[in-house]
>>> print(open('final-v5.txt').read())   # compact mmCIF, C-alpha atoms and all ligand atoms
# COMPACT_ATOMS: atom_id res chain seq x y z
CA MET S 30 -15.16 14.78 6.78
CA ASN S 31 -13.62 18.25 6.50
CA HIS S 32 -10.08 18.25 7.86
CA VAL S 33 -8.18 15.06 7.06
CA LEU S 34 -4.84 13.91 8.41
CA ILE S 35 -3.21 11.41 6.05
CA THR S 36 -0.19 9.60 7.47
CA GLY S 37 2.32 8.11 5.03
CA GLY S 38 0.86 10.19 2.23
CA ALA S 39 4.17 10.47 0.36
CA GLY S 40 4.23 6.72 -0.29
CA PHE S 41 2.60 4.77 -3.08
CA ILE S 42 -1.03 4.38 -1.99
CA GLY S 43 -1.13 7.47 0.23
CA SER S 44 -0.02 9.77 -2.59
CA ASN S 45 -2.55 8.23 -4.98
CA PHE S 46 -5.20 8.76 -2.30
CA ILE S 47 -4.28 12.43 -1.90
CA HIS S 48 -4.45 12.99 -5.67
CA ARG S 49 -7.84 11.28 -5.72
CA LEU S 50 -9.17 13.35 -2.77
CA ILE S 51 -8.06 16.59 -4.40
CA GLU S 52 -9.80 15.54 -7.62
CA LEU S 53 -13.05 14.33 -6.01
CA ARG S 54 -13.37 16.43 -2.82
CA PRO S 55 -12.09 19.94 -3.57
CA ASP S 56 -13.42 21.36 -0.28
CA LEU S 57 -11.34 19.15 2.02
CA LEU S 58 -8.29 20.31 3.94
CA ILE S 59 -5.63 17.60 3.60
CA ILE S 60 -2.62 17.40 5.94
CA ASN S 61 0.02 14.83 4.98
CA LEU S 62 2.31 13.69 7.81
CA ASP S 63 5.16 11.61 6.41
CA LEU S 64 8.60 10.69 7.71
CA LEU S 65 10.01 10.45 4.17
CA THR S 66 11.70 7.11 4.68
CA TYR S 67 13.33 5.55 1.60
CA ALA S 68 9.75 4.81 0.40
CA GLY S 69 8.42 8.35 0.89
CA ASN S 70 8.80 10.68 -2.05
CA LYS S 71 7.64 14.29 -2.18
CA ASP S 72 7.86 14.14 -5.99
CA ASN S 73 4.74 11.94 -5.92
CA LEU S 74 2.84 15.07 -4.89
CA LYS S 75 4.74 17.74 -6.82
CA SER S 76 1.74 18.70 -8.91
CA VAL S 77 -0.34 19.51 -5.80
CA GLU S 78 2.27 20.97 -3.45
CA ASP S 79 1.09 24.55 -4.05
CA ASN S 80 -2.57 23.65 -3.78
CA SER S 81 -4.16 25.56 -0.88
CA GLN S 82 -6.15 22.44 0.03
CA TYR S 83 -2.96 20.53 0.79
CA GLN S 84 -0.14 20.78 3.32
CA PHE S 85 2.87 18.54 3.89
CA ILE S 86 4.41 18.02 7.33
CA HIS S 87 7.67 16.12 7.67
CA GLY S 88 7.46 13.95 10.77
CA ASP S 89 6.93 10.64 12.49
CA ILE S 90 3.64 9.05 13.58
CA ALA S 91 5.60 7.92 16.64
CA ASP S 92 6.18 11.56 17.69
CA GLN S 93 3.19 12.00 19.99
CA PRO S 94 3.60 15.73 20.76
CA LEU S 95 3.87 16.46 17.02
CA VAL S 96 0.77 14.43 16.19
CA GLU S 97 -1.18 16.04 19.06
CA SER S 98 -0.21 19.50 17.86
CA ILE S 99 -1.35 18.69 14.30
CA LEU S 100 -4.69 17.30 15.48
CA GLU S 101 -5.24 20.42 17.58
CA LYS S 102 -3.97 23.04 15.14
CA TYR S 103 -5.96 21.79 12.15
CA GLN S 104 -8.96 20.51 14.16
CA ILE S 105 -8.68 17.19 12.39
CA ASP S 106 -11.88 15.16 12.11
CA THR S 107 -10.56 12.24 10.04
CA VAL S 108 -7.27 10.35 10.28
CA VAL S 109 -6.28 7.85 7.58
CA ASN S 110 -3.27 5.82 8.62
CA PHE S 111 -1.22 4.65 5.64
CA ALA S 112 2.17 5.11 7.33
CA ALA S 113 4.06 1.83 7.54
CA GLU S 114 7.05 -0.16 6.52
CA SER S 115 5.46 -2.10 3.68
CA HIS S 116 7.91 -4.46 1.95
CA VAL S 117 7.84 -8.13 3.01
CA ASP S 118 11.40 -8.87 1.84
CA ARG S 119 12.77 -5.94 3.89
CA SER S 120 10.88 -7.24 6.94
CA ILE S 121 12.67 -10.56 6.53
CA CYS S 122 16.08 -8.84 6.35
CA GLY S 123 15.35 -6.39 9.20
CA PRO S 124 12.16 -6.87 11.21
CA ILE S 125 12.71 -4.35 14.02
CA GLN S 126 11.90 -1.23 12.00
CA PHE S 127 8.59 -2.91 11.14
CA LEU S 128 7.80 -3.28 14.83
CA ASN S 129 8.84 0.32 15.52
CA THR S 130 6.69 1.90 12.83
CA ASN S 131 3.83 -0.50 12.29
CA VAL S 132 3.20 -1.48 15.91
CA VAL S 133 4.68 1.20 18.20
CA GLY S 134 4.08 4.00 15.68
CA THR S 135 0.43 3.03 15.25
CA GLY S 136 0.08 2.74 19.03
CA ILE S 137 1.46 6.24 19.61
CA LEU S 138 -0.70 7.67 16.85
CA LEU S 139 -3.72 6.10 18.54
CA GLU S 140 -2.68 7.57 21.88
CA ALA S 141 -2.48 11.05 20.38
CA VAL S 142 -5.89 10.55 18.77
CA ARG S 143 -7.36 9.27 22.05
CA LYS S 144 -6.15 12.35 23.93
CA PHE S 145 -7.45 14.75 21.28
CA TRP S 146 -10.75 12.95 20.70
CA SER S 147 -11.62 12.54 24.39
CA SER S 148 -10.85 16.20 25.14
CA LYS S 149 -13.16 17.31 22.33
CA ASN S 150 -16.00 14.89 23.00
CA THR S 151 -16.64 15.36 19.31
CA THR S 152 -19.02 13.48 17.07
CA GLY S 153 -18.23 12.64 13.51
CA PHE S 154 -14.58 11.79 14.17
CA ARG S 155 -13.02 8.82 12.36
CA PHE S 156 -9.72 6.94 12.57
CA HIS S 157 -9.31 4.72 9.50
CA HIS S 158 -6.53 2.16 9.47
CA ILE S 159 -5.14 0.79 6.19
CA SER S 160 -4.26 -2.87 6.45
CA THR S 161 -3.54 -5.87 4.29
CA ASP S 162 -4.84 -9.29 3.30
CA GLU S 163 -1.53 -10.74 4.51
CA VAL S 164 -2.73 -10.69 8.15
CA PHE S 165 -4.88 -13.75 7.35
CA GLY S 166 -1.92 -15.89 6.27
CA SER S 167 -1.79 -18.19 3.26
CA LEU S 168 -4.46 -20.13 1.35
CA ASN S 169 -4.05 -23.42 -0.49
CA PRO S 170 -5.40 -23.75 -4.04
CA GLY S 171 -9.15 -24.35 -3.92
CA GLU S 172 -9.63 -23.00 -0.39
CA PRO S 173 -12.36 -20.34 -0.08
CA PRO S 174 -11.22 -16.71 0.02
CA PHE S 175 -10.65 -14.84 3.30
CA ASN S 176 -13.64 -12.99 4.72
CA GLU S 177 -14.12 -10.52 7.59
CA ALA S 178 -14.45 -13.42 10.05
CA SER S 179 -11.27 -15.22 8.96
CA GLN S 180 -8.75 -15.91 11.69
CA TYR S 181 -5.56 -13.84 11.77
CA SER S 182 -2.55 -16.02 10.95
CA PRO S 183 0.30 -13.77 9.76
CA ASN S 184 3.46 -15.45 8.47
CA SER S 185 6.05 -12.71 7.91
CA PRO S 186 7.41 -10.05 10.25
CA TYR S 187 5.62 -7.51 8.02
CA SER S 188 2.22 -9.21 8.23
CA ALA S 189 2.67 -9.91 11.95
CA SER S 190 3.35 -6.22 12.56
CA LYS S 191 0.31 -5.21 10.50
CA ALA S 192 -1.82 -7.75 12.38
CA ALA S 193 -0.63 -6.26 15.68
CA SER S 194 -1.54 -2.77 14.49
CA ASP S 195 -5.02 -3.95 13.44
CA HIS S 196 -5.52 -5.43 16.91
CA LEU S 197 -4.46 -2.16 18.54
CA VAL S 198 -6.90 -0.15 16.43
CA ARG S 199 -9.72 -2.55 17.25
CA ALA S 200 -8.80 -2.48 20.95
CA TYR S 201 -8.86 1.35 21.03
CA HIS S 202 -12.40 1.18 19.68
CA HIS S 203 -13.51 -1.54 22.09
CA THR S 204 -11.84 -0.04 25.17
CA TYR S 205 -12.01 3.71 24.66
CA GLY S 206 -14.76 4.04 22.06
CA ILE S 207 -12.56 5.68 19.39
CA PRO S 208 -14.64 5.65 16.18
CA ILE S 209 -12.53 3.48 13.91
CA THR S 210 -12.79 1.54 10.67
CA ILE S 211 -10.23 -0.89 9.23
CA SER S 212 -9.74 -2.02 5.65
CA ASN S 213 -7.68 -5.02 4.58
CA CYS S 214 -6.71 -4.85 0.93
CA THR S 215 -4.97 -7.12 -1.55
CA ASN S 216 -1.87 -6.28 -3.64
CA ASN S 217 -2.04 -2.81 -5.15
CA TYR S 218 -0.34 -1.73 -8.36
CA GLY S 219 -0.28 1.46 -10.41
CA PRO S 220 1.49 4.86 -10.59
CA TYR S 221 4.09 5.86 -7.97
CA GLN S 222 4.78 2.34 -6.64
CA PHE S 223 8.32 2.10 -5.34
CA PRO S 224 10.34 -0.13 -7.71
CA GLU S 225 11.24 -2.71 -5.07
CA LYS S 226 7.78 -4.30 -5.48
CA LEU S 227 7.13 -6.98 -8.11
CA ILE S 228 5.30 -5.09 -10.86
CA PRO S 229 7.43 -1.90 -11.04
CA LEU S 230 10.60 -3.99 -10.53
CA ILE S 231 9.74 -6.17 -13.54
CA ILE S 232 8.97 -3.15 -15.73
CA MET S 233 12.16 -1.39 -14.63
CA ASN S 234 14.36 -4.45 -15.17
CA CYS S 235 12.87 -5.06 -18.63
CA LEU S 236 13.76 -1.50 -19.65
CA ARG S 237 17.34 -2.03 -18.46
CA GLY S 238 17.79 -5.54 -19.89
CA LYS S 239 18.23 -6.97 -16.39
CA SER S 240 17.01 -10.38 -15.30
CA LEU S 241 13.46 -10.69 -13.97
CA PRO S 242 13.77 -12.49 -10.61
CA VAL S 243 10.97 -15.03 -10.05
CA TYR S 244 10.92 -16.39 -6.51
CA GLY S 245 10.61 -20.18 -6.31
CA ASP S 246 8.37 -21.70 -8.99
CA GLY S 247 6.48 -18.44 -9.66
CA GLN S 248 3.16 -20.18 -9.01
CA GLN S 249 2.29 -18.07 -5.94
CA ILE S 250 -1.07 -16.37 -6.33
CA ARG S 251 -1.97 -12.82 -5.38
CA ASP S 252 -5.16 -10.82 -5.91
CA TRP S 253 -4.24 -7.55 -7.65
CA LEU S 254 -6.09 -4.24 -7.37
CA TYR S 255 -5.43 -1.08 -9.37
CA VAL S 256 -4.55 1.58 -6.79
CA GLU S 257 -7.25 4.04 -7.88
CA ASP S 258 -9.88 1.41 -7.07
CA HIS S 259 -8.37 1.02 -3.59
CA CYS S 260 -8.52 4.80 -3.08
CA ASP S 261 -12.18 4.88 -4.10
CA ALA S 262 -12.95 2.04 -1.68
CA ILE S 263 -11.29 3.94 1.20
CA LEU S 264 -13.32 7.06 0.36
CA GLN S 265 -16.54 5.02 0.42
CA ILE S 266 -15.62 3.59 3.82
CA LEU S 267 -14.79 7.04 5.23
CA GLU S 268 -18.06 8.52 4.02
CA HIS S 269 -20.45 5.60 4.40
CA GLY S 270 -18.73 2.84 6.41
CA LYS S 271 -20.01 1.70 9.77
CA VAL S 272 -17.90 2.64 12.81
CA GLY S 273 -16.13 -0.36 14.34
CA GLU S 274 -16.34 -2.34 11.10
CA THR S 275 -13.68 -4.06 9.00
CA TYR S 276 -13.99 -4.08 5.21
CA LEU S 277 -12.09 -6.40 2.86
CA ILE S 278 -11.07 -4.96 -0.49
CA GLY S 279 -9.77 -6.82 -3.54
CA GLY S 280 -9.74 -7.10 -7.31
CA GLU S 281 -11.29 -10.59 -7.60
CA ASN S 282 -8.50 -12.09 -9.71
CA GLN S 283 -6.08 -14.95 -9.07
CA PRO S 284 -3.09 -14.86 -11.45
CA SER S 285 0.18 -16.56 -10.59
CA ASN S 286 3.25 -14.33 -10.32
CA LEU S 287 4.56 -15.90 -13.53
CA GLU S 288 1.35 -14.97 -15.36
CA ILE S 289 1.67 -11.36 -14.16
CA ILE S 290 5.27 -11.24 -15.38
CA HIS S 291 4.29 -12.68 -18.78
CA GLN S 292 1.52 -10.08 -19.12
CA ILE S 293 4.03 -7.30 -18.43
CA THR S 294 6.66 -8.66 -20.81
CA GLY S 295 3.96 -9.08 -23.49
CA LEU S 296 2.84 -5.46 -23.05
CA LEU S 297 6.43 -4.23 -23.31
CA ASP S 298 7.03 -6.32 -26.46
CA GLU S 299 3.97 -4.61 -27.96
CA LEU S 300 4.71 -1.05 -26.76
CA LEU S 301 8.48 -1.16 -27.44
CA PRO S 302 8.79 -3.08 -30.72
CA ASP S 303 12.39 -1.86 -31.23
CA SER S 304 13.62 -2.85 -27.78
CA PRO S 305 16.94 -4.73 -27.89
CA TYR S 306 15.57 -6.90 -25.04
CA SER S 307 12.53 -8.20 -26.91
CA PRO S 308 11.07 -10.74 -26.28
CA HIS S 309 11.30 -9.49 -22.70
CA SER S 310 10.23 -12.88 -21.32
CA SER S 311 13.74 -14.13 -22.21
CA LEU S 312 14.95 -12.10 -19.19
CA ILE S 313 12.98 -14.29 -16.73
CA LYS S 314 15.20 -15.97 -14.15
CA PHE S 315 13.99 -18.34 -11.41
CA VAL S 316 15.75 -17.52 -8.14
CA GLN S 317 15.74 -18.73 -4.56
CA ASP S 318 12.34 -18.38 -2.93
CA ARG S 319 11.34 -15.87 -0.24
CA PRO S 320 11.57 -17.57 3.19
CA GLY S 321 8.08 -18.41 4.51
CA HIS S 322 6.56 -17.26 1.21
CA ASP S 323 2.74 -17.19 1.37
CA ARG S 324 1.35 -19.30 -1.45
CA ARG S 325 -1.96 -17.64 -2.13
CA TYR S 326 -4.21 -14.75 -1.05
CA ALA S 327 -7.85 -14.25 -2.07
CA MET S 328 -10.54 -11.95 -0.68
CA GLU S 329 -14.30 -12.19 -0.36
CA ILE S 330 -15.44 -8.61 -1.04
CA SER S 331 -19.22 -8.97 -0.81
CA ARG S 332 -19.55 -6.78 2.33
CA ILE S 333 -18.11 -3.67 0.72
CA GLN S 334 -19.95 -4.44 -2.52
CA ASN S 335 -23.34 -4.95 -0.88
CA GLU S 336 -23.15 -2.43 1.96
CA LEU S 337 -21.21 0.40 0.32
CA GLY S 338 -21.77 -0.23 -3.39
CA TRP S 339 -18.06 -0.36 -4.19
CA SER S 340 -16.60 -2.67 -6.84
CA PRO S 341 -13.32 -2.43 -8.75
CA LYS S 342 -13.65 -0.46 -11.99
CA HIS S 343 -10.39 -1.67 -13.54
CA ASN S 344 -9.66 -5.24 -14.52
CA LEU S 345 -6.15 -6.66 -14.52
CA ALA S 346 -5.61 -6.22 -18.26
CA SER S 347 -6.62 -2.54 -18.30
CA GLY S 348 -4.86 -1.78 -15.02
CA LEU S 349 -1.60 -3.42 -16.08
CA ARG S 350 -1.63 -1.60 -19.40
CA ALA S 351 -2.20 1.75 -17.67
CA THR S 352 0.59 0.95 -15.21
CA VAL S 353 3.14 -0.07 -17.85
CA GLU S 354 2.28 3.07 -19.85
CA TRP S 355 2.69 5.23 -16.73
CA TYR S 356 6.15 3.82 -15.99
CA LEU S 357 7.20 4.24 -19.62
CA SER S 358 6.20 7.90 -19.50
CA HIS S 359 7.71 8.52 -16.04
CA GLN S 360 11.19 7.10 -16.43
CA ASP S 361 12.72 10.18 -14.78
CA TRP S 362 10.68 9.41 -11.65
CA VAL S 363 12.05 5.84 -11.59
CA ASN S 364 15.62 6.89 -12.44
CA ALA S 365 15.75 9.38 -9.56
CA LEU S 366 14.90 6.58 -7.12
CA VAL S 367 17.09 3.82 -8.50
CA GLU S 368 20.12 6.06 -8.82
CA LYS S 369 20.23 6.43 -5.03
CA GLU S 370 22.90 4.36 -3.31
CA SER S 371 20.36 3.03 -0.82
CA PHE S 372 18.45 1.44 -3.68
CA SER S 373 21.40 -0.44 -5.15
CA THR S 374 22.38 -1.52 -1.62
CA TRP S 375 18.91 -3.00 -1.19
CA ILE S 376 18.99 -4.76 -4.57
CA ASN S 377 22.37 -6.29 -3.67
CA ASN S 378 21.16 -7.36 -0.22
CA ASN S 379 18.03 -8.99 -1.53
CA TYR S 380 19.17 -10.56 -4.78
CA SER S 381 22.92 -11.21 -4.79
CA ASN S 382 22.74 -14.44 -2.79
CA ARG S 383 19.61 -15.85 -4.38
CA GLY S 384 21.42 -17.42 -7.32
CA GLY S 385 19.29 -18.91 -10.07
CA ASN S 386 17.31 -22.13 -10.11
P1 LIG Z 401 4.93 2.68 0.93
O1 LIG Z 401 6.06 1.92 1.54
O2 LIG Z 401 4.97 3.03 -0.50
O3 LIG Z 401 4.72 4.05 1.74
C1 LIG Z 401 4.78 4.13 3.12
C2 LIG Z 401 4.86 5.61 3.49
O4 LIG Z 401 4.86 5.71 4.91
C3 LIG Z 401 6.13 6.30 3.01
O5 LIG Z 401 5.81 7.55 2.44
C4 LIG Z 401 6.95 6.48 4.28
O6 LIG Z 401 7.83 7.61 4.22
C5 LIG Z 401 5.86 6.65 5.31
N1 LIG Z 401 6.30 6.31 6.66
C6 LIG Z 401 6.99 5.22 7.06
N2 LIG Z 401 7.20 5.27 8.39
C7 LIG Z 401 6.62 6.42 8.85
C8 LIG Z 401 6.49 7.01 10.12
N3 LIG Z 401 7.00 6.43 11.21
N4 LIG Z 401 5.82 8.18 10.23
C9 LIG Z 401 5.29 8.77 9.13
N5 LIG Z 401 5.40 8.26 7.89
C10 LIG Z 401 6.05 7.09 7.75
O7 LIG Z 401 3.64 1.84 1.30
P2 LIG Z 401 2.30 1.60 0.45
O8 LIG Z 401 2.51 0.47 -0.47
O9 LIG Z 401 1.80 2.90 -0.06
O10 LIG Z 401 1.34 1.09 1.63
C11 LIG Z 401 0.60 2.02 2.41
C12 LIG Z 401 -0.21 1.26 3.43
O11 LIG Z 401 -1.06 0.32 2.78
C13 LIG Z 401 0.66 0.44 4.40
O12 LIG Z 401 0.07 0.51 5.67
C14 LIG Z 401 0.55 -0.98 3.85
O13 LIG Z 401 0.70 -1.93 4.88
C15 LIG Z 401 -0.85 -0.98 3.29
N6 LIG Z 401 -1.12 -1.90 2.17
C16 LIG Z 401 -0.31 -1.88 1.08
C17 LIG Z 401 -0.62 -2.70 -0.02
C18 LIG Z 401 0.24 -2.70 -1.26
O14 LIG Z 401 0.03 -3.54 -2.12
N7 LIG Z 401 1.18 -1.79 -1.41
C19 LIG Z 401 -1.74 -3.53 0.04
C20 LIG Z 401 -2.53 -3.53 1.19
C21 LIG Z 401 -2.22 -2.69 2.24
O1 LIG Z 402 -1.04 -8.49 -0.22
C1 LIG Z 402 -0.88 -7.13 0.12
C2 LIG Z 402 0.57 -6.85 0.25
O2 LIG Z 402 1.10 -6.81 -1.08
C3 LIG Z 402 0.89 -5.54 0.98
O3 LIG Z 402 0.44 -5.63 2.29
C4 LIG Z 402 2.40 -5.26 0.95
O4 LIG Z 402 2.66 -4.00 1.52
C5 LIG Z 402 2.85 -5.26 -0.49
O5 LIG Z 402 4.25 -5.08 -0.55
C6 LIG Z 402 2.46 -6.56 -1.19
O6 LIG Z 402 3.20 -7.67 -0.63
P1 LIG Z 402 3.79 -8.84 -1.56
O7 LIG Z 402 4.87 -9.51 -0.86
O8 LIG Z 402 2.69 -9.67 -2.12
O9 LIG Z 402 4.34 -7.91 -2.78
P2 LIG Z 402 5.67 -7.98 -3.65
O10 LIG Z 402 5.49 -7.03 -4.78
O11 LIG Z 402 6.89 -7.87 -2.82
O12 LIG Z 402 5.62 -9.47 -4.23
C7 LIG Z 402 4.52 -9.93 -5.00
C8 LIG Z 402 4.77 -11.39 -5.31
O13 LIG Z 402 5.89 -11.48 -6.20
C9 LIG Z 402 5.14 -12.22 -4.10
O14 LIG Z 402 4.59 -13.53 -4.25
C10 LIG Z 402 6.66 -12.29 -4.15
C11 LIG Z 402 6.95 -12.27 -5.65
N1 LIG Z 402 8.22 -11.63 -6.05
C12 LIG Z 402 8.49 -10.39 -5.54
C13 LIG Z 402 9.68 -9.74 -5.87
C14 LIG Z 402 10.01 -8.39 -5.32
C15 LIG Z 402 9.08 -12.26 -6.92
O15 LIG Z 402 8.80 -13.39 -7.40
N2 LIG Z 402 10.24 -11.62 -7.26
C16 LIG Z 402 10.59 -10.41 -6.76
O16 LIG Z 402 11.70 -9.91 -7.09
>>> encode(input="final-v5.txt", output="structure tokens")
Amino acid sequence: MNHVLITGGAGFIGSNFIHRLIELRPDLLIINLDLLTYAGNKDNLKSVEDNSQYQFIHGDIADQPLVESILEKYQIDTVVNFAAESHVDRSICGPIQFLNTNVVGTGILLEAVRKFWSSKNTTGFRFHHISTDEVFGSLNPGEPPFNEASQYSPNSPYSASKAASDHLVRAYHHTYGIPITISNCTNNYGPYQFPEKLIPLIIMNCLRGKSLPVYGDGQQIRDWLYVEDHCDAILQILEHGKVGETYLIGGENQPSNLEIIHQITGLLDELLPDSPYSPHSSLIKFVQDRPGHDRRYAMEISRIQNELGWSPKHNLASGLRATVEWYLSHQDWVNALVEKESFSTWINNNYSNRGGN
């Protein structure tokens, strides 16, 4: 791996991955192709924008001539595809953009890669696709975790579009021989996560004295992984993973959403003893559930542990504390996003008709 094309690198996980690559692999050339949708933010990479290792290109993975020219110009040997529409609630309100980016966009990106790769007849090339545990559907309490052989059973337009993109990536390997790997990861949290997602939304609303919207009974279960651990897992797969293989990644925890929210409110009570909103748990409000809401996700991560020696380094308590502290010390970053009209429009769309249980 020498010349890496990261797609969607101005988003949450992609920007963390770029920071991690610059820290751990100072000899790499890193090209970041990002469309800068509402979720893309160049500020996430401000501290590295002048670094000679790094270059940003504003553009769409669905622009095949652009992608082909980037692959050719920089003689890319590794593509890591983070670019996607990523928020389940937005996919319920407007699914088509999810099909455009996650399915068609991934397909066009693969076509550009196929053309470039087959003209080079190069060895050592890799296309790595970032996917999600949500493609496997929902587990009941007590059911065993998903593993690499679990059947795909996506339930939301988001997860269906990610499932379709996974199938395309696999098919390009099977049919054309493109050297691919896929990783399916659980819920990430940490620095630079857009404040539409549960953990940053709860922190942000606590700081503003706004209600903390809990969908349904709040007993849905997610497996949470600190984003730096996800980045390290991807790096292991790129450097040591087996071509054609899928790796599941997760944090091996099973808190309910309500437990996560109580951990955050507890941390804020401790870190902000003079807050007028303390105890922050008093802001909790049960609201109408997400349609088709998956009840539980859990991942069996023994393949990546045994074959690649990766395990999460952060547990939920340490990761949540680091995350809350990061948001407290980066309130300007949050304010710049939430002050945009598009953000308040989204909050109104998603929450104004949910009422309270
Ligand atoms: P994000 O929404 O924060 O960032 C997505 C990025 O992709 C943004 O910078 C956006 O501008 C860019 N983008 C969107 N459409 C594009 C296009 N057509 N061309 C180029 N760039 C485009 O998402 P995230 O949370 O960082 O997720 C990144 C990837 O990881 C996604 O593929 C997602 O499905 C997957 N994933 C996310 C999680 C999670 O918990 N966030 C967990 C597992 C997997
Ligand atoms: O599981 C991996 C997935 O995790 C990724 O593929 C997605 O890109 C990512 O967005 C995330 O999806 P979720 O739907 O699990 O994340 P979200 O933060 O939106 O919600 C987490 C849980 O919290 C979920 O059960 C819904 C609930 N929730 C969410 C919001 C925004 C609430 O109860 N209230 C809320 O206001």
>>> residues_near_ligand(input="final-v5.txt", ligand="ligand LIG 402 (chain Z)", cutoff="7 Å", atoms="only C-alpha atoms and all ligand atoms", output="PyMOL selection string")
chain S and resi 115-118+160-163+214-217+225-228+230+242-244+247+249-251+286+322-323
>>> residues_near_ligand(input="final-v5.txt", ligand="ligand LIG 401 (chain Z)", cutoff="6 Å", atoms="all atoms listed in the file", output="PDB file with C-alpha atoms, keeping the file's coordinate frame")
ATOM      1  CA  THR S  36      -0.190   9.600   7.470  1.00  0.00           C
ATOM      2  CA  GLY S  37       2.320   8.110   5.030  1.00  0.00           C
ATOM      3  CA  GLY S  38       0.860  10.190   2.230  1.00  0.00           C
ATOM      4  CA  ALA S  39       4.170  10.470   0.360  1.00  0.00           C
ATOM      5  CA  GLY S  40       4.230   6.720  -0.290  1.00  0.00           C
ATOM      6  CA  PHE S  41       2.600   4.770  -3.080  1.00  0.00           C
ATOM      7  CA  ILE S  42      -1.030   4.380  -1.990  1.00  0.00           C
ATOM      8  CA  GLY S  43      -1.130   7.470   0.230  1.00  0.00           C
ATOM      9  CA  LEU S  62       2.310  13.690   7.810  1.00  0.00           C
ATOM     10  CA  ASP S  63       5.160  11.610   6.410  1.00  0.00           C
ATOM     11  CA  LEU S  64       8.600  10.690   7.710  1.00  0.00           C
ATOM     12  CA  LEU S  65      10.010  10.450   4.170  1.00  0.00           C
ATOM     13  CA  THR S  66      11.700   7.110   4.680  1.00  0.00           C
ATOM     14  CA  ALA S  68       9.750   4.810   0.400  1.00  0.00           C
ATOM     15  CA  GLY S  69       8.420   8.350   0.890  1.00  0.00           C
ATOM     16  CA  GLY S  88       7.460  13.950  10.770  1.00  0.00           C
ATOM     17  CA  ASP S  89       6.930  10.640  12.490  1.00  0.00           C
ATOM     18  CA  ILE S  90       3.640   9.050  13.580  1.00  0.00           C
ATOM     19  CA  ALA S  91       5.600   7.920  16.640  1.00  0.00           C
ATOM     20  CA  PHE S 111      -1.220   4.650   5.640  1.00  0.00           C
ATOM     21  CA  ALA S 112       2.170   5.110   7.330  1.00  0.00           C
ATOM     22  CA  ALA S 113       4.060   1.830   7.540  1.00  0.00           C
ATOM     23  CA  GLU S 114       7.050  -0.160   6.520  1.00  0.00           C
ATOM     24  CA  SER S 115       5.460  -2.100   3.680  1.00  0.00           C
ATOM     25  CA  THR S 130       6.690   1.900  12.830  1.00  0.00           C
ATOM     26  CA  GLY S 134       4.080   4.000  15.680  1.00  0.00           C
ATOM     27  CA  ILE S 159      -5.140   0.790   6.190  1.00  0.00           C
ATOM     28  CA  SER S 160      -4.260  -2.870   6.450  1.00  0.00           C
ATOM     29  CA  THR S 161      -3.540  -5.870   4.290  1.00  0.00           C
ATOM     30  CA  CYS S 214      -6.710  -4.850   0.930  1.00  0.00           C
ATOM     31  CA  THR S 215      -4.970  -7.120  -1.550  1.00  0.00           C
ATOM     32  CA  ASN S 216      -1.870  -6.280  -3.640  1.00  0.00           C
ATOM     33  CA  ASN S 217      -2.040  -2.810  -5.150  1.00  0.00           C
ATOM     34  CA  PHE S 223       8.320   2.100  -5.340  1.00  0.00           C
TER      35      PHE S 223
END
>>> atom_distance(input="final-v5.txt", atom1="atom CA of S:His203", atom2="atom CA of S:Glu274")
11.4 Å
>>> residues_around(input="final-v5.txt", residues="S:Asp195", least_positions_apart="5", cutoff="9 Å", atoms="only C-alpha atoms", output="count of residues only")
8
>>> closest_residue(input="final-v5.txt", among="S:Trp146, S:Leu34, S:Asn382, S:Tyr67", to="S:Glu370", atoms="all atoms listed in the file")
S:Tyr67
>>> residues_around(input="final-v5.txt", residues="S:Leu100", least_positions_apart="2", cutoff="10 Å", atoms="all atoms listed in the file", output="ChimeraX atom specification")
/S:32-34,60,94-98,102-108,141-142,144-146
>>> closest_residue(input="final-v5.txt", among="S:Asp261, S:Leu197, S:Pro174, S:Phe127", to="S:His48", atoms="all atoms listed in the file")
S:Asp261
>>> residues_around(input="final-v5.txt", residues="stretch 356-368 of chain S", least_positions_apart="6", cutoff="12 Å", atoms="all atoms listed in the file", output="ChimeraX atom specification")
/S:67-75,218-225,228-237,293,296-297,300-301,349-350,374-376
>>> atom_distance(input="final-v5.txt", atom1="atom CA of S:Ala178", atom2="atom CA of S:Ser194")
17.3 Å
>>> atom_distance(input="final-v5.txt", atom1="atom CA of S:Val353", atom2="atom CA of S:Lys314")
20.3 Å
>>> closest_residue(input="final-v5.txt", among="S:Ile86, S:Val109, S:Ile333, S:Val198", to="S:Val133", atoms="only C-alpha atoms")
S:Val198
>>> closest_residue(input="final-v5.txt", among="S:Ser310, S:Thr352, S:Ser212, S:Gln283", to="S:Tyr255", atoms="only C-alpha atoms")
S:Thr352
